[in-house]
Amino acid sequence: MAASDTLQDIKSKGILWGFGVLVLIVLVVLFILGAWWGSEPDQFNVQEEALLRAKETNNTEMPVGYTYANTLAHIAEVLLHKPGGYITNDVAPPGVFLDNISSWEFGALVMLRDAASALRNHFARDQSQSAEDPDLAVAEPYFYYEHNSWALPSTEAEYEKGIEALHKYMVRLHKYGGRVKHAQFYSRADNLWQYVEIVIKRLGGLSTRLSASTAGAELMPGMAVIEPGAALQSGQAKTTPILAQTPWLEIDDVFYEARGASWALLHILRAIKHDFHDILLDKRAMNTVDIMIKSLENALAPILSPMVLNGGGYGLFANYSLTMATYIARCNAAALDLRDIMNRG
């Protein structure tokens, strides 16, 4: 009787050990997959990618606008086909736990949407009364589909349709005739000025949210709110917070959203530098674009810490958010200069 009980006890312990080892193996695999899927994509050469796409369609030349349109398409392709694919709409581990790369994807997506809208509404139109490009009219709305849909239709399926429409526009930049209308791309100063105006607001918003990672950011100087009925004399106006300090658990999300936006905007600016080359030289604005590109390259420097540090501005530890805010603010300052240059006659 005792021997049988001992044997049964050994079997029970063996089952528990086996189950424990299985759980440990699953956790290790999920951890490795999470680390791989959560890594940020590398940068790519916008001109080389455009040339590869042109060769796939049996072309060797890249007309004006081809590099810009291909850059938008390739940014979307990276979002969908990087390691782990598109993570934001995952409902199973490890993707459901990877909030940092999801924030990265959203930051890149916002910049992609702005650039696609600029292509449809400004770069591909001669004037306000001209008809919009039919393929771009199809492509842009697909990128505005909800970014976290996993059911039918999924986010990936809709974005793939947007990529396909961009590719059709690129083909029409090369080949046209008969019923096929020639696609247009106007690399003019006024078109670029309208896009830069949007970029300025995006960068300003990111810089402000990053700066809110520290204490004392609740009320910006000169932004006091006067309550109704309050006296207007100095010192009597009540103040309310304009921007609350970023919660501790959301600091890394804002940081990685800024990283994703910087990654996408960096490639878009490189494409603009190529397709708007003549007007940038004519306006003597090439150096300004280079400053924006260099600032974003600095913002995308490798992260050495396994977590986003949030030390005080003059404390013992670094504050990653403030460092990122500095680079983005410098890029934003250069964007303001670029807007002014493009707006001059």
# chains A, B, ... in the order shown; residues from 1 in each chain; ligands from 1
call {"tool": "residues_around", "arguments": {"residues": "stretch 57-62 of chain A", "least_positions_apart": "6", "cutoff": "8 Å", "atoms": "only C-alpha atoms", "output": "tab-separated table (two decimals) with N, CA, C and O atoms, in the first residue's frame"}}
result
chain	number	residue	atom	x	y	z
A	50	ALA	N	13.25	52.79	-54.66
A	50	ALA	CA	12.49	53.26	-55.81
A	50	ALA	C	13.03	52.64	-57.10
A	50	ALA	O	12.26	52.26	-57.99
A	51	LEU	N	14.36	52.52	-57.20
A	51	LEU	CA	14.95	51.92	-58.39
A	51	LEU	C	14.59	50.44	-58.50
A	51	LEU	O	14.31	49.94	-59.60
A	171	VAL	N	2.98	53.57	-61.64
A	171	VAL	CA	3.04	53.03	-63.02
A	171	VAL	C	2.60	54.09	-64.02
A	171	VAL	O	3.18	54.25	-65.09
A	174	HIS	N	5.02	56.51	-65.27
A	174	HIS	CA	5.88	55.98	-66.33
A	174	HIS	C	5.13	55.80	-67.64
A	174	HIS	O	5.51	56.34	-68.69
call {"tool": "select_by_dssp", "arguments": {"residues": "stretch 83-286 of chain A", "states": "helix (DSSP H, G or I)", "output": "JSON, numbers by chain"}}
result
{"A": [95, 96, 97, 99, 100, 101, 102, 103, 104, 105, 106, 107, 108, 109, 110, 111, 112, 113, 114, 115, 116, 117, 118, 119, 120, 121, 122, 123, 134, 135, 136, 137, 138, 139, 140, 141, 142, 143, 155, 156, 157, 158, 159, 160, 161, 162, 163, 164, 165, 166, 167, 168, 169, 170, 171, 172, 173, 174, 189, 190, 191, 192, 193, 194, 195, 196, 197, 198, 199, 200, 201, 202, 203, 204, 205, 206, 207, 208, 209, 210, 211, 248, 249, 250, 251, 252, 253, 254, 255, 256, 257, 258, 259, 260, 261, 262, 263, 264, 265, 266, 267, 268, 269, 270, 271, 272, 273, 274, 275, 277, 278, 279, 280, 281, 282, 286]}
call {"tool": "closest_residue", "arguments": {"among": "A:Gly65, A:Gly311, A:Gly20, A:Gly38", "to": "A:Arg188", "atoms": "only C-alpha atoms"}}
result
A:Gly65
call {"tool": "closest_residue", "arguments": {"among": "A:Val308, A:Ala244, A:Ala118, A:Ile25", "to": "A:Tyr256", "atoms": "only C-alpha atoms"}}
result
A:Val308
call {"tool": "atom_distance", "arguments": {"atom1": "atom CA of A:Glu250", "atom2": "atom CA of A:Phe97"}}
result
13.9 Å
call {"tool": "closest_residue", "arguments": {"among": "A:Leu203, A:Arg270, A:Asn121, A:Ile198", "to": "A:Phe44", "atoms": "only C-alpha atoms"}}
result
A:Arg270
call {"tool": "closest_residue", "arguments": {"among": "A:Pro83, A:Gly205, A:Pro41, A:Pro306", "to": "A:Ala108", "atoms": "only C-alpha atoms"}}
result
A:Pro41
call {"tool": "closest_residue", "arguments": {"among": "A:Tyr169, A:Asn310, A:Asp253, A:Ala334", "to": "A:Asn287", "atoms": "only C-alpha atoms"}}
result
A:Ala334
call {"tool": "closest_residue", "arguments": {"among": "A:Ser39, A:Asn298, A:Gln127, A:Asn148", "to": "A:Gln184", "atoms": "only C-alpha atoms"}}
result
A:Gln127
call {"tool": "atom_distance", "arguments": {"atom1": "atom CA of A:Thr208", "atom2": "atom CA of A:Lys294"}}
result
20.4 Å
call {"tool": "residues_around", "arguments": {"residues": "stretch 150-157 of chain A", "least_positions_apart": "6", "cutoff": "8 Å", "atoms": "only C-alpha atoms", "output": "compact mmCIF listing (two decimals) with all heavy atoms, in the first residue's frame"}}
result
# COMPACT_ATOMS: atom_id res chain seq x y z
N LEU A 80 3.69 46.55 -42.37
CA LEU A 80 2.93 45.31 -42.48
C LEU A 80 3.81 44.06 -42.47
O LEU A 80 3.35 42.99 -42.05
CB LEU A 80 2.09 45.33 -43.76
CG LEU A 80 1.05 46.43 -43.89
CD1 LEU A 80 0.26 46.26 -45.19
CD2 LEU A 80 0.11 46.44 -42.70
N TYR A 86 2.29 43.39 -38.60
CA TYR A 86 1.64 44.53 -37.97
C TYR A 86 1.14 44.10 -36.59
O TYR A 86 0.31 43.21 -36.46
CB TYR A 86 0.48 45.01 -38.84
CG TYR A 86 -0.13 46.32 -38.40
CD1 TYR A 86 0.55 47.52 -38.54
CD2 TYR A 86 -1.41 46.35 -37.83
CE1 TYR A 86 -0.03 48.72 -38.13
CE2 TYR A 86 -1.99 47.53 -37.44
CZ TYR A 86 -1.30 48.72 -37.59
OH TYR A 86 -1.86 49.90 -37.18
N ASN A 89 -2.87 45.39 -33.96
CA ASN A 89 -4.17 44.73 -33.87
C ASN A 89 -4.07 43.28 -33.41
O ASN A 89 -5.03 42.52 -33.55
CB ASN A 89 -4.90 44.80 -35.22
CG ASN A 89 -4.13 44.10 -36.33
OD1 ASN A 89 -2.98 43.72 -36.16
ND2 ASN A 89 -4.77 43.92 -37.48
N ASP A 90 -2.93 42.87 -32.87
CA ASP A 90 -2.79 41.51 -32.36
C ASP A 90 -3.63 41.31 -31.11
O ASP A 90 -3.71 42.19 -30.25
CB ASP A 90 -1.32 41.21 -32.03
CG ASP A 90 -0.50 40.92 -33.28
OD1 ASP A 90 -1.05 41.06 -34.40
OD2 ASP A 90 0.69 40.56 -33.15
N VAL A 91 -4.23 40.15 -31.01
CA VAL A 91 -5.06 39.83 -29.84
C VAL A 91 -4.52 38.63 -29.08
O VAL A 91 -5.16 38.14 -28.16
CB VAL A 91 -6.52 39.55 -30.28
CG1 VAL A 91 -7.16 40.80 -30.83
CG2 VAL A 91 -6.59 38.42 -31.29
call {"tool": "decode", "arguments": {"residues": "stretch 143-154 of chain A", "atoms": "all heavy atoms", "output": "short mmCIF file (atom, residue, chain, number, x, y, z; two decimals), in the first residue's frame"}}
result
data_model
loop_
_atom_site.label_atom_id
_atom_site.label_comp_id
_atom_site.auth_asym_id
_atom_site.auth_seq_id
_atom_site.Cartn_x
_atom_site.Cartn_y
_atom_site.Cartn_z
N PHE A 143 -5.48 54.27 -45.95
CA PHE A 143 -4.51 54.46 -44.86
C PHE A 143 -5.15 55.10 -43.63
O PHE A 143 -4.56 55.09 -42.56
CB PHE A 143 -3.33 55.30 -45.34
CG PHE A 143 -2.47 54.61 -46.37
CD1 PHE A 143 -2.23 55.19 -47.60
CD2 PHE A 143 -1.92 53.37 -46.10
CE1 PHE A 143 -1.45 54.56 -48.55
CE2 PHE A 143 -1.14 52.72 -47.05
CZ PHE A 143 -0.90 53.32 -48.28
N TYR A 144 -6.34 55.64 -43.81
CA TYR A 144 -7.06 56.22 -42.68
C TYR A 144 -8.02 55.21 -42.02
O TYR A 144 -8.76 55.58 -41.11
CB TYR A 144 -7.84 57.47 -43.11
CG TYR A 144 -6.97 58.70 -43.17
CD1 TYR A 144 -6.28 59.03 -44.33
CD2 TYR A 144 -6.84 59.54 -42.07
CE1 TYR A 144 -5.47 60.16 -44.39
CE2 TYR A 144 -6.04 60.67 -42.12
CZ TYR A 144 -5.36 60.98 -43.28
OH TYR A 144 -4.57 62.09 -43.34
N TYR A 145 -7.99 53.98 -42.49
CA TYR A 145 -8.81 52.95 -41.85
C TYR A 145 -8.30 52.73 -40.43
O TYR A 145 -7.11 52.92 -40.14
CB TYR A 145 -8.73 51.66 -42.66
CG TYR A 145 -9.62 50.55 -42.15
CD1 TYR A 145 -10.99 50.61 -42.26
CD2 TYR A 145 -9.05 49.44 -41.51
CE1 TYR A 145 -11.80 49.60 -41.78
CE2 TYR A 145 -9.85 48.41 -41.03
CZ TYR A 145 -11.23 48.51 -41.17
OH TYR A 145 -12.03 47.50 -40.68
N GLU A 146 -9.18 52.35 -39.51
CA GLU A 146 -8.81 52.20 -38.10
C GLU A 146 -7.58 51.31 -37.97
O GLU A 146 -7.48 50.26 -38.60
CB GLU A 146 -9.97 51.65 -37.29
CG GLU A 146 -10.55 50.35 -37.79
CD GLU A 146 -11.77 49.93 -36.99
OE1 GLU A 146 -11.65 49.75 -35.77
OE2 GLU A 146 -12.85 49.81 -37.59
N HIS A 147 -6.67 51.73 -37.11
CA HIS A 147 -5.35 51.11 -37.07
C HIS A 147 -5.28 49.85 -36.21
O HIS A 147 -4.24 49.20 -36.19
CB HIS A 147 -4.32 52.12 -36.54
CG HIS A 147 -4.49 52.45 -35.10
ND1 HIS A 147 -5.51 53.25 -34.62
CD2 HIS A 147 -3.78 52.07 -34.00
CE1 HIS A 147 -5.41 53.36 -33.32
NE2 HIS A 147 -4.38 52.66 -32.91
N ASN A 148 -6.36 49.49 -35.52
CA ASN A 148 -6.30 48.34 -34.61
C ASN A 148 -7.40 47.32 -34.88
O ASN A 148 -7.85 46.63 -33.97
CB ASN A 148 -6.38 48.81 -33.17
CG ASN A 148 -7.62 49.63 -32.88
OD1 ASN A 148 -8.37 49.97 -33.79
ND2 ASN A 148 -7.84 49.96 -31.62
N SER A 149 -7.84 47.22 -36.11
CA SER A 149 -8.92 46.28 -36.45
C SER A 149 -8.32 44.91 -36.78
O SER A 149 -7.48 44.79 -37.67
CB SER A 149 -9.72 46.81 -37.65
OG SER A 149 -10.66 45.85 -38.08
N TRP A 150 -8.77 43.89 -36.07
CA TRP A 150 -8.32 42.53 -36.36
C TRP A 150 -9.40 41.72 -37.05
O TRP A 150 -9.12 40.66 -37.62
CB TRP A 150 -7.91 41.82 -35.06
CG TRP A 150 -9.01 41.69 -34.06
CD1 TRP A 150 -9.35 42.58 -33.10
CD2 TRP A 150 -9.93 40.59 -33.94
NE1 TRP A 150 -10.44 42.13 -32.38
CE2 TRP A 150 -10.81 40.90 -32.87
CE3 TRP A 150 -10.10 39.40 -34.63
CZ2 TRP A 150 -11.83 40.05 -32.47
CZ3 TRP A 150 -11.12 38.55 -34.24
CH2 TRP A 150 -11.97 38.88 -33.17
N ALA A 151 -10.65 42.17 -37.00
CA ALA A 151 -11.75 41.46 -37.65
C ALA A 151 -11.83 41.86 -39.12
O ALA A 151 -11.03 42.66 -39.62
CB ALA A 151 -13.06 41.76 -36.93
N LEU A 152 -12.80 41.31 -39.81
CA LEU A 152 -12.96 41.61 -41.22
C LEU A 152 -13.68 42.94 -41.43
O LEU A 152 -14.76 43.15 -40.85
CB LEU A 152 -13.76 40.48 -41.91
CG LEU A 152 -13.10 39.10 -41.88
CD1 LEU A 152 -14.03 38.08 -42.50
CD2 LEU A 152 -11.76 39.12 -42.58
N PRO A 153 -13.12 43.87 -42.25
CA PRO A 153 -11.79 43.75 -42.87
C PRO A 153 -10.70 44.12 -41.88
O PRO A 153 -10.86 45.01 -41.06
CB PRO A 153 -11.86 44.75 -44.02
CG PRO A 153 -12.80 45.81 -43.53
CD PRO A 153 -13.82 45.10 -42.68
N SER A 154 -9.58 43.45 -41.97
CA SER A 154 -8.47 43.72 -41.06
C SER A 154 -7.72 44.96 -41.51
O SER A 154 -7.81 45.40 -42.67
CB SER A 154 -7.53 42.52 -41.03
OG SER A 154 -6.90 42.35 -42.29
#
